[in-house]
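K.L.:
This is work-v9.txt (compact mmCIF, C-alpha atoms and all ligand atoms).
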```txt
# COMPACT_ATOMS: atom_id res chain seq x y z
CA MET L 537 0.00 0.00 0.00
CA SER L 538 1.37 3.34 -0.98
CA ASP L 539 0.20 5.52 1.92
CA ALA L 540 3.15 4.51 4.15
CA ILE L 541 4.84 7.74 5.23
CA GLU L 542 8.54 8.64 5.06
CA VAL L 543 10.29 8.10 8.40
CA SER L 544 13.79 9.50 8.90
CA GLY L 545 16.37 6.81 9.64
CA TRP L 546 14.04 4.03 8.45
CA LYS L 547 13.22 2.44 5.11
CA HIS L 548 9.73 1.17 4.28
CA VAL L 549 9.81 -2.52 3.32
CA TYR L 550 6.29 -3.94 3.68
CA SER L 551 2.70 -2.97 4.30
CA GLY L 552 0.14 -5.34 5.76
CA LYS L 553 -3.53 -4.51 5.80
CA VAL L 554 -3.10 -2.21 8.80
CA ARG L 555 0.60 -1.87 9.68
CA ASP L 556 3.59 -0.51 7.77
CA LEU L 557 6.96 -2.12 8.41
CA TYR L 558 10.34 -0.38 8.20
CA VAL L 559 13.96 -1.46 8.67
CA PRO L 560 16.91 0.80 9.62
CA ASP L 561 17.84 2.73 6.46
CA VAL L 562 21.44 1.49 6.68
CA THR L 563 20.23 -2.07 5.98
CA PRO L 564 21.68 -3.26 2.64
CA GLU L 565 19.07 -4.10 -0.02
CA GLY L 566 17.59 -7.55 0.65
CA ALA L 567 19.61 -8.11 3.86
CA HIS L 568 18.06 -9.28 7.10
CA ALA L 569 17.55 -6.53 9.69
CA ASP L 570 17.52 -7.35 13.41
CA ARG L 571 15.18 -4.53 14.28
CA MET L 572 12.05 -3.18 12.66
CA LEU L 573 9.71 -0.26 13.10
CA VAL L 574 6.03 -1.24 13.09
CA VAL L 575 3.73 1.69 12.39
CA ALA L 576 -0.01 1.27 12.88
CA SER L 577 -1.92 3.22 10.24
CA ASP L 578 -5.56 4.36 10.48
CA ARG L 579 -6.52 1.75 7.86
CA VAL L 580 -9.30 -0.63 8.79
CA SER L 581 -9.80 -4.08 7.32
CA ALA L 582 -12.77 -6.43 7.45
CA PHE L 583 -13.35 -9.74 5.70
CA ASP L 584 -9.70 -9.44 4.57
CA HIS L 585 -10.33 -6.21 2.61
CA VAL L 586 -8.86 -2.82 3.43
CA LEU L 587 -11.75 -0.34 3.57
CA SER L 588 -12.02 3.34 2.95
CA PRO L 589 -12.01 5.78 4.53
CA GLY L 590 -9.66 5.01 7.44
CA ILE L 591 -10.61 5.54 11.07
CA PRO L 592 -8.85 8.73 12.27
CA GLY L 593 -6.77 8.09 15.40
CA LYS L 594 -7.13 4.31 15.19
CA GLY L 595 -3.40 3.64 14.72
CA GLU L 596 -2.58 5.50 17.89
CA LEU L 597 -5.37 3.86 19.90
CA LEU L 598 -4.30 0.38 18.77
CA THR L 599 -0.66 1.03 19.58
CA THR L 600 -1.44 2.46 23.03
CA LEU L 601 -3.61 -0.54 23.85
CA SER L 602 -1.06 -3.06 22.53
CA LEU L 603 1.72 -1.49 24.57
CA TRP L 604 -0.47 -1.54 27.68
CA TRP L 605 -1.19 -5.26 27.20
CA PHE L 606 2.45 -6.09 26.45
CA ASP L 607 3.29 -4.41 29.76
CA GLN L 608 0.56 -6.32 31.64
CA LEU L 609 1.80 -9.59 30.16
CA ALA L 610 5.42 -8.71 30.91
CA GLY L 611 4.43 -8.95 34.56
CA ALA L 612 2.53 -5.76 35.47
CA ASP L 613 -0.52 -7.98 36.07
CA GLY L 614 1.45 -10.07 38.57
CA GLY L 615 1.88 -13.07 36.23
CA GLU L 616 4.96 -14.70 34.72
CA PRO L 617 6.57 -12.51 32.04
CA VAL L 618 5.60 -13.50 28.48
CA PRO L 619 8.50 -12.88 26.05
CA ASN L 620 7.52 -10.31 23.40
CA HIS L 621 9.00 -8.56 20.39
CA LEU L 622 9.44 -5.04 21.81
CA THR L 623 12.83 -3.35 21.88
CA PRO L 624 13.54 -0.18 23.86
CA ASP L 625 14.65 2.07 20.99
CA ASP L 626 13.62 5.71 20.64
CA LEU L 627 10.72 6.32 18.30
CA PRO L 628 11.02 8.72 15.37
CA ALA L 629 8.94 11.87 15.99
CA GLU L 630 6.93 11.44 12.75
CA VAL L 631 5.28 8.29 14.07
CA ALA L 632 5.47 8.76 17.85
CA GLY L 633 2.35 7.35 19.52
CA ARG L 634 1.54 4.90 16.78
CA ALA L 635 4.73 2.95 16.34
CA MET L 636 6.86 0.44 18.16
CA THR L 637 10.36 -0.81 17.54
CA VAL L 638 10.60 -4.58 17.59
CA ARG L 639 12.98 -7.48 17.05
CA SER L 640 12.39 -8.80 13.61
CA LEU L 641 11.27 -12.36 14.18
CA ASP L 642 10.75 -15.42 12.08
CA MET L 643 6.94 -15.25 12.12
CA LEU L 644 4.92 -18.45 12.33
CA PRO L 645 2.23 -18.44 9.63
CA VAL L 646 -0.52 -19.33 12.09
CA GLU L 647 -2.99 -16.90 13.61
CA CYS L 648 -3.44 -18.16 17.14
CA VAL L 649 -7.11 -17.57 17.81
CA VAL L 650 -8.58 -18.32 21.23
CA ARG L 651 -12.32 -18.28 21.82
CA GLY L 652 -13.93 -18.18 25.23
CA TYR L 653 -17.34 -17.45 23.67
CA ILE L 654 -18.84 -18.55 20.39
CA THR L 655 -19.59 -16.05 17.62
CA GLY L 656 -18.26 -14.89 14.23
CA SER L 657 -16.64 -17.54 12.02
CA GLY L 658 -16.73 -19.97 14.96
CA TRP L 659 -20.50 -19.61 15.18
CA ALA L 660 -20.83 -20.02 11.40
CA GLU L 661 -18.97 -23.35 11.50
CA TYR L 662 -20.83 -24.53 14.62
CA VAL L 663 -24.22 -23.96 13.02
CA VAL L 664 -23.30 -26.19 10.07
CA ARG L 665 -21.14 -28.84 11.71
CA GLY L 666 -21.41 -28.58 15.50
CA THR L 667 -17.65 -27.95 15.67
CA VAL L 668 -15.18 -25.05 15.58
CA CYS L 669 -11.92 -25.79 13.76
CA GLY L 670 -12.88 -29.44 14.10
CA ILE L 671 -13.35 -29.24 17.89
CA PRO L 672 -16.72 -30.74 18.84
CA LEU L 673 -18.84 -28.48 21.06
CA PRO L 674 -21.93 -29.15 23.18
CA GLU L 675 -25.28 -29.05 21.39
CA GLY L 676 -27.71 -26.16 21.78
CA LEU L 677 -25.29 -23.24 22.03
CA GLU L 678 -26.61 -19.79 21.09
CA ASN L 679 -24.63 -17.11 19.26
CA GLY L 680 -22.60 -15.32 21.97
CA ASP L 681 -22.68 -18.12 24.56
CA ARG L 682 -19.76 -18.75 26.84
CA LEU L 683 -17.94 -21.99 26.03
CA PRO L 684 -17.38 -24.60 28.74
CA GLU L 685 -13.67 -23.87 28.34
CA PRO L 686 -11.63 -21.53 26.11
CA ILE L 687 -10.58 -23.28 22.89
CA PHE L 688 -7.59 -22.80 20.56
CA THR L 689 -8.88 -22.39 17.00
CA PRO L 690 -5.93 -21.54 14.75
CA ALA L 691 -6.11 -20.05 11.27
CA TYR L 692 -3.57 -20.32 8.49
CA LYS L 693 -2.19 -16.85 7.83
CA ALA L 694 -2.72 -16.41 4.12
CA PRO L 695 -0.37 -14.21 2.05
CA LEU L 696 -1.58 -10.62 1.49
CA GLY L 697 -4.68 -10.55 -0.70
CA GLU L 698 -5.81 -14.05 0.18
CA HIS L 699 -8.20 -15.13 2.92
CA ASP L 700 -7.07 -16.54 6.25
CA GLU L 701 -8.50 -20.00 6.72
CA ASN L 702 -9.53 -21.79 9.92
CA ILE L 703 -7.48 -24.97 10.38
CA SER L 704 -7.45 -27.95 12.71
CA PHE L 705 -4.79 -28.55 15.34
CA ASP L 706 -3.46 -31.44 13.19
CA LYS L 707 -3.00 -29.05 10.29
CA THR L 708 -1.13 -26.68 12.64
CA VAL L 709 1.19 -29.57 13.52
CA GLU L 710 1.80 -30.12 9.79
CA ILE L 711 2.68 -26.45 9.31
CA VAL L 712 4.93 -25.75 12.32
CA GLY L 713 5.73 -29.18 13.83
CA ALA L 714 4.28 -30.93 16.88
CA GLU L 715 6.37 -29.19 19.50
CA ARG L 716 5.78 -25.64 18.24
CA ALA L 717 2.09 -26.33 17.69
CA ALA L 718 1.67 -27.43 21.32
CA GLU L 719 3.67 -24.42 22.47
CA LEU L 720 1.49 -22.05 20.42
CA ARG L 721 -1.69 -23.61 21.79
CA ASP L 722 -0.59 -23.65 25.43
CA ARG L 723 0.87 -20.15 25.34
CA SER L 724 -2.21 -18.75 23.57
CA LEU L 725 -4.65 -20.31 26.02
CA GLU L 726 -2.62 -19.12 28.98
CA ILE L 727 -2.44 -15.53 27.71
CA TYR L 728 -6.15 -15.53 26.87
CA ARG L 729 -7.06 -16.68 30.41
CA ARG L 730 -4.88 -14.03 31.97
CA ALA L 731 -6.20 -11.27 29.74
CA ALA L 732 -9.83 -12.37 30.16
CA ALA L 733 -9.42 -12.11 33.95
CA THR L 734 -7.95 -8.61 33.60
CA ALA L 735 -10.82 -7.59 31.31
CA GLU L 736 -13.44 -9.13 33.61
CA ALA L 737 -12.14 -7.09 36.55
CA ARG L 738 -12.97 -4.03 34.43
CA GLY L 739 -16.47 -5.11 33.48
CA LEU L 740 -15.52 -6.46 30.06
CA VAL L 741 -15.88 -9.82 28.39
CA LEU L 742 -12.94 -10.84 26.20
CA ALA L 743 -14.96 -13.03 23.85
CA ASP L 744 -12.12 -14.04 21.54
CA THR L 745 -8.76 -12.84 20.34
CA LYS L 746 -5.95 -13.55 17.91
CA PHE L 747 -2.23 -13.70 18.68
CA GLU L 748 0.75 -13.90 16.36
CA PHE L 749 4.07 -15.35 17.46
CA GLY L 750 7.54 -15.43 15.99
CA ALA L 751 10.81 -17.12 16.90
CA ASP L 752 13.95 -15.11 17.70
CA ASP L 753 17.49 -16.12 16.68
CA ALA L 754 17.76 -18.37 19.74
CA GLY L 755 14.47 -20.09 18.84
CA VAL L 756 12.55 -18.47 21.70
CA LEU L 757 8.87 -17.99 20.95
CA ARG L 758 7.88 -14.33 21.33
CA LEU L 759 4.50 -12.65 21.25
CA ALA L 760 4.56 -10.27 18.27
CA ASP L 761 2.39 -7.99 16.15
CA GLU L 762 -0.43 -6.24 18.06
CA VAL L 763 -1.94 -7.83 21.11
CA LEU L 764 -5.46 -7.84 22.55
CA THR L 765 -6.55 -4.77 20.60
CA SER L 766 -10.03 -3.95 19.36
CA ASP L 767 -8.86 -5.03 15.89
CA SER L 768 -7.64 -8.45 16.98
CA SER L 769 -10.23 -9.19 19.67
CA ARG L 770 -13.92 -9.05 20.48
CA TYR L 771 -14.74 -7.23 23.67
CA TRP L 772 -18.26 -6.96 25.06
CA ASP L 773 -19.72 -5.13 28.00
CA ALA L 774 -20.05 -7.73 30.78
CA GLU L 775 -23.28 -6.26 32.18
CA ALA L 776 -24.93 -6.12 28.75
CA TRP L 777 -23.85 -9.71 28.11
CA ARG L 778 -25.43 -10.91 31.37
CA ALA L 779 -28.66 -8.95 30.92
CA GLY L 780 -29.02 -9.12 27.12
CA ALA L 781 -32.05 -10.95 25.83
CA THR L 782 -30.95 -11.15 22.20
CA PRO L 783 -27.55 -11.99 20.69
CA SER L 784 -27.06 -8.43 19.48
CA ALA L 785 -27.94 -6.97 22.90
CA ARG L 786 -25.49 -9.36 24.54
CA MET L 787 -22.67 -8.57 22.16
CA ALA L 788 -22.51 -4.78 22.63
CA SER L 789 -19.04 -4.52 21.22
CA PHE L 790 -16.00 -2.33 21.65
CA ASP L 791 -14.37 -3.56 18.51
CA LYS L 792 -14.43 -3.84 14.75
CA GLN L 793 -17.82 -5.57 14.85
CA ILE L 794 -19.52 -2.23 14.09
CA VAL L 795 -17.64 -2.16 10.78
CA ARG L 796 -18.23 -5.86 10.04
CA ASP L 797 -21.96 -5.56 10.74
CA TRP L 798 -22.41 -2.50 8.53
CA LEU L 799 -20.43 -4.13 5.74
CA ALA L 800 -22.28 -7.42 5.97
CA ALA L 801 -25.57 -5.53 5.56
CA HIS L 802 -24.38 -3.38 2.63
CA TRP L 803 -22.07 -5.56 0.58
CA ASP L 804 -22.35 -9.03 -0.96
CA LYS L 805 -18.57 -9.60 -0.67
CA GLU L 806 -18.17 -9.37 -4.46
CA GLY L 807 -15.84 -6.73 -5.91
CA GLU L 808 -14.68 -3.67 -3.98
CA PRO L 809 -16.38 -2.96 -0.65
CA PRO L 810 -18.40 0.31 -0.43
CA ALA L 811 -17.03 3.34 1.46
CA LEU L 812 -17.88 3.43 5.16
CA PRO L 813 -20.34 6.18 6.09
CA ALA L 814 -19.18 8.87 8.51
CA ASP L 815 -21.37 7.66 11.39
CA VAL L 816 -19.84 4.15 11.24
CA VAL L 817 -16.37 5.70 11.32
CA ASP L 818 -17.33 7.95 14.26
CA ARG L 819 -18.97 5.17 16.27
CA THR L 820 -15.99 2.88 15.70
CA VAL L 821 -13.42 5.38 16.90
CA ALA L 822 -15.59 6.27 19.91
CA ARG L 823 -15.86 2.62 20.94
CA TYR L 824 -12.12 1.99 20.43
CA ARG L 825 -11.43 4.99 22.67
CA GLU L 826 -13.92 3.85 25.30
CA LEU L 827 -12.33 0.40 25.43
CA LEU L 828 -8.89 1.91 25.99
CA GLU L 829 -10.25 4.12 28.77
CA ARG L 830 -12.08 1.29 30.50
CA LEU L 831 -9.12 -1.05 30.41
CA THR L 832 -6.36 1.34 31.31
CA ALA L 833 -8.12 3.81 33.68
P1 LIG S 901 -4.26 -8.63 9.52
O1 LIG S 901 -3.54 -8.62 10.85
O2 LIG S 901 -5.42 -7.69 9.49
O3 LIG S 901 -4.56 -10.04 9.07
P2 LIG S 901 -1.88 -8.43 8.04
O4 LIG S 901 -1.46 -9.52 8.93
O5 LIG S 901 -1.90 -8.53 6.57
O6 LIG S 901 -3.28 -7.98 8.47
P3 LIG S 901 -0.67 -6.20 9.42
O7 LIG S 901 -1.09 -6.73 10.73
O8 LIG S 901 -1.19 -4.93 8.90
O9 LIG S 901 -0.88 -7.29 8.29
O10 LIG S 901 0.91 -6.07 9.31
C1 LIG S 901 1.80 -6.50 10.26
C2 LIG S 901 2.74 -7.52 9.65
O11 LIG S 901 3.94 -7.53 10.43
C3 LIG S 901 2.16 -8.93 9.70
O12 LIG S 901 2.54 -9.60 8.53
C4 LIG S 901 2.86 -9.53 10.92
O13 LIG S 901 2.95 -10.92 10.84
C5 LIG S 901 4.22 -8.85 10.85
N1 LIG S 901 4.95 -8.74 12.12
C6 LIG S 901 4.48 -8.28 13.31
N2 LIG S 901 5.42 -8.31 14.27
C7 LIG S 901 6.56 -8.78 13.67
C8 LIG S 901 7.89 -9.05 14.12
N3 LIG S 901 8.27 -8.81 15.38
N4 LIG S 901 8.78 -9.56 13.22
C9 LIG S 901 8.41 -9.78 11.94
N5 LIG S 901 7.18 -9.55 11.44
C10 LIG S 901 6.25 -9.05 12.30
MG MG S 902 -1.80 -8.71 11.39
```
What does the file become when written as structure tokens?
Ligand code: ATP
Ligand code: MG
P.N.:
Amino acid sequence: MSDAIEVSGWKHVYSGKVRDLYVPDVTPEGAHADRMLVVASDRVSAFDHVLSPGIPGKGELLTTLSLWWFDQLAGADGGEPVPNHLTPDDLPAEVAGRAMTVRSLDMLPVECVVRGYITGSGWAEYVVRGTVCGIPLPEGLENGDRLPEPIFTPAYKAPLGEHDENISFDKTVEIVGAERAAELRDRSLEIYRRAAATAEARGLVLADTKFEFGADDAGVLRLADEVLTSDSSRYWDAEAWRAGATPSARMASFDKQIVRDWLAAHWDKEGEPPALPADVVDRTVARYRELLERLTA
């Protein structure tokens, strides 16, 4: 994507749907860099499409929330430190507030999704097959119900432009090996449980979330990318969930669901998605901001 900005001292090398990646500008062409600058843009994606317009301020909100969670998981919440990709470098002024400097890791091509509640693509599979990513679930669940236990439901991280695809644990073993697959599952479930407890103490349900991990030069698995943001997670108001009579009343969300719902009602997923109306943009940024305030206050 061409809207990546110039950053002094850094060279733009890649743009994902939301983030722009840079390496130190002294890095020779094609060489491996140890450090990277990850800049969160205001772009928003849904159903694997980047939408227009962007959501003003979103990059900064996502980065602030990610950094807060990385800090919690590094031990601020009282738990064992989870290794992550952050490095302590100074941030260039042009991107201060919406960037982080990180170790450049060998990323594992698996999106580590954990669901404590059933909705979204998990619900869609359950309705047809009674399973999510091949995991059998009890009969009679409603959209938005809490699961008996959180489940690990990985997705294969498709190259840019293709769709991520839910996969079984066996398929994960095929992709990354048995040992790494078990490590990804156990680490993901542990982080989800910790984060869900933190969210619950603040009146929020962490319904599901997605982690990405990479290995450093020593082979250590590190939590990377963004973590527990309103882009990568579904958060609901705990009180509304308890009291809500209908699925939509229960799932009063602080996340990208506003965008997904509008898009699902106004687009048949063929061709380019329509532009988001101003009120959807405004509501989304307001909810992202409210989530940050409720979690970090
Ligand atoms: P989406 O997350 O919406 O599926 P995407 O994955 O295409 O989109 P972004 O999240 O916008 O892309 O871009 C971030 C990219 O940087 C991803 O490809 C992610 O795997 C990668 N990445 C994140 N942290 C690191 C890291 N420490 N080392 C190497 N690559 C990283
Ligand atoms: Mg990503």
K.L.:
Enter the distance from atom CA of Thr623 of chain L to atom CA of Ala582 of chain L, in Å, rounded to one decimal.
P.N.:
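Atom CA of Ala582 of chain L lies at a distance of 29.5 Å from atom CA of Thr623 of chain L.
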K.L.:
For ligand LIG 901 (chain S), list the contacting residues at 8 Å or closer, counting only C-alpha atoms and all ligand atoms, as a PyMOL selection string.
P.N.:
chain L and resi 550-557+572+574+576+581-582+584+621-622+638-645+693+695-696+700+748-750+759-762+767-768
K.L.:
Restricted to C-alpha atoms, what would the selected residues look like written as a CSV table (one decimal), in the frame of the given file?
P.N.:
```csv
chain,number,residue,atom,x,y,z
L,550,TYR,CA,6.3,-3.9,3.7
L,551,SER,CA,2.7,-3.0,4.3
L,552,GLY,CA,0.1,-5.3,5.8
L,553,LYS,CA,-3.5,-4.5,5.8
L,554,VAL,CA,-3.1,-2.2,8.8
L,555,ARG,CA,0.6,-1.9,9.7
L,556,ASP,CA,3.6,-0.5,7.8
L,557,LEU,CA,7.0,-2.1,8.4
L,572,MET,CA,12.0,-3.2,12.7
L,574,VAL,CA,6.0,-1.2,13.1
L,576,ALA,CA,0.0,1.3,12.9
L,581,SER,CA,-9.8,-4.1,7.3
L,582,ALA,CA,-12.8,-6.4,7.4
L,584,ASP,CA,-9.7,-9.4,4.6
L,621,HIS,CA,9.0,-8.6,20.4
L,622,LEU,CA,9.4,-5.0,21.8
L,638,VAL,CA,10.6,-4.6,17.6
L,639,ARG,CA,13.0,-7.5,17.0
L,640,SER,CA,12.4,-8.8,13.6
L,641,LEU,CA,11.3,-12.4,14.2
L,642,ASP,CA,10.8,-15.4,12.1
L,643,MET,CA,6.9,-15.2,12.1
L,644,LEU,CA,4.9,-18.4,12.3
L,645,PRO,CA,2.2,-18.4,9.6
L,693,LYS,CA,-2.2,-16.8,7.8
L,695,PRO,CA,-0.4,-14.2,2.0
L,696,LEU,CA,-1.6,-10.6,1.5
L,700,ASP,CA,-7.1,-16.5,6.2
L,748,GLU,CA,0.8,-13.9,16.4
L,749,PHE,CA,4.1,-15.4,17.5
L,750,GLY,CA,7.5,-15.4,16.0
L,759,LEU,CA,4.5,-12.6,21.2
L,760,ALA,CA,4.6,-10.3,18.3
L,761,ASP,CA,2.4,-8.0,16.2
L,762,GLU,CA,-0.4,-6.2,18.1
L,767,ASP,CA,-8.9,-5.0,15.9
L,768,SER,CA,-7.6,-8.4,17.0
```
K.L.:
Any idea what's packed within 10 Å of Phe747 of chain L, counting only C-alpha atoms, ignoring anything in its chain fewer than 3 positions away? Could you give it as a ChimeraX atom specification?
P.N.:
/L:646-650,690,720,723-724,727-728,759-764,768-769
K.L.:
With distances taken over all atoms listed in the file, which residue among L:Ala814, L:Ile591, L:Thr765, L:Ala779 lies nearest ligand MG 902 (chain S)?
P.N.:
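Ranked by minimum distance to ligand MG 902 (chain S), first place goes to L:Thr765.
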K.L.:
Restricting the calculation to only C-alpha atoms and all ligand atoms, which member of L:Ala635, L:Val756, L:Leu597, L:Ala694 is positioned closest to ligand MG 902 (chain S)?
P.N.:
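Nearest candidate to ligand MG 902 (chain S) out of L:Ala635, L:Val756, L:Leu597, L:Ala694: L:Ala694.
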K.L.:
So, with all atoms listed in the file as the atoms that count, which of L:Gly593, L:Gly611, L:Gly566, L:Gly680 lies closest to Arg770 of chain L?
P.N.:
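Of L:Gly593, L:Gly611, L:Gly566, L:Gly680, the one nearest Arg770 of chain L, counting all atoms listed in the file, is L:Gly680.
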K.L.:
Taking (-15.1, -24.9, 30.1) in the file's coordinates, which residues come within 12 Å, counting all atoms listed in the file, written as a list in words?
P.N.:
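With a cut-off of 12 Å, the residues come to Arg651, Gly652, Tyr653, Leu673, Pro674, Asp681, Arg682, Leu683, Pro684, Glu685, Pro686, Ile687 and Arg729 of chain L.
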K.L.:
For a quick check of your reading of the model, name the residues lying within 10 Å of the coordinate (4.2, -6.8, 28.7), counting only C-alpha atoms, and write them as an mmCIF file with C-alpha atoms, in the frame of the given file.
P.N.:
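The resulting file, out.cif, is shown below:
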```cif
data_model
loop_
_atom_site.group_PDB
_atom_site.id
_atom_site.type_symbol
_atom_site.label_atom_id
_atom_site.label_comp_id
_atom_site.auth_asym_id
_atom_site.auth_seq_id
_atom_site.Cartn_x
_atom_site.Cartn_y
_atom_site.Cartn_z
ATOM 1 C CA SER L 602 -1.060 -3.060 22.530
ATOM 2 C CA LEU L 603 1.720 -1.490 24.570
ATOM 3 C CA TRP L 604 -0.470 -1.540 27.680
ATOM 4 C CA TRP L 605 -1.190 -5.260 27.200
ATOM 5 C CA PHE L 606 2.450 -6.090 26.450
ATOM 6 C CA ASP L 607 3.290 -4.410 29.760
ATOM 7 C CA GLN L 608 0.560 -6.320 31.640
ATOM 8 C CA LEU L 609 1.800 -9.590 30.160
ATOM 9 C CA ALA L 610 5.420 -8.710 30.910
ATOM 10 C CA GLY L 611 4.430 -8.950 34.560
ATOM 11 C CA ALA L 612 2.530 -5.760 35.470
ATOM 12 C CA ASP L 613 -0.520 -7.980 36.070
ATOM 13 C CA GLU L 616 4.960 -14.700 34.720
ATOM 14 C CA PRO L 617 6.570 -12.510 32.040
ATOM 15 C CA VAL L 618 5.600 -13.500 28.480
ATOM 16 C CA PRO L 619 8.500 -12.880 26.050
ATOM 17 C CA ASN L 620 7.520 -10.310 23.400
ATOM 18 C CA HIS L 621 9.000 -8.560 20.390
ATOM 19 C CA LEU L 622 9.440 -5.040 21.810
ATOM 20 C CA LEU L 759 4.500 -12.650 21.250
ATOM 21 C CA VAL L 763 -1.940 -7.830 21.110
#
```
K.L.:
So how far away is atom CA of Thr820 of chain L from atom CA of Glu726 of chain L, in Å?
P.N.:
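Straight-line distance from atom CA of Glu726 of chain L to atom CA of Thr820 of chain L works out to 29.0 Å.
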K.L.:
Can you work out the spacing between atom CA of Thr667 of chain L and atom CA of Glu710 of chain L in Å, to one decimal?
P.N.:
20.4 Å
K.L.:
Go through L:Val562, L:Ala717, L:Ala567, L:Leu598 one by one, measure the shortest atom-to-atom distance of each to Arg825 of chain L using all atoms listed in the file, and give the residue with the smallest value.
P.N.:
L:Leu598
K.L.:
Which one is closest to Asp773 of chain L: L:Val795, L:Ala754, L:Val663, L:Ala737? Count all atoms listed in the file.
P.N.:
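Nearest to Asp773 of chain L: L:Ala737.
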K.L.:
Give the centre and edge lengths of an axis-aligned box, in Å to one decimal, that holds all listed atoms of segment 563-571 of chain L with 5 Å on each side, as JSON.
P.N.:
```
{"center_x": 18.4, "center_y": -5.7, "center_z": 7.1, "size_x": 16.5, "size_y": 17.2, "size_z": 24.3}
```
K.L.:
Counting all atoms listed in the file, figure out which residue out of L:Arg721, L:Arg730, L:His585, L:Lys746 gets nearest to ligand MG 902 (chain S).
P.N.:
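Among the listed residues, L:Lys746 lies closest to ligand MG 902 (chain S).
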K.L.:
Excluding segment 544-546 of chain L and residues on its chain fewer than 2 positions from it, collect all residues at most 8 Å away from it, counting all atoms listed in the file, and give them as a list in words.
P.N.:
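In the requested format, the answer is Glu542, His548, Tyr558, Val559, Pro560, Asp561, Val562, Leu573 and Pro628 of chain L.
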K.L.:
Mind checking which residues fall within 12 Å of Gln793 of chain L, counting all atoms listed in the file, ignoring those fewer than 5 positions away in the same chain, and posting them as a PyMOL selection string?
P.N.:
chain L and resi 580-583+655-656+766-772+784+787-788+798-800+816-817+819-821+823-824
K.L.:
Find the spatial neighbours of Val668 of chain L, counting only C-alpha atoms, within a cut-off of 9 Å - ignore same-chain residues fewer than 5 positions away - and output them as a PyMOL selection string.
P.N.:
chain L and resi 654+657-662+673+687+689+702+704
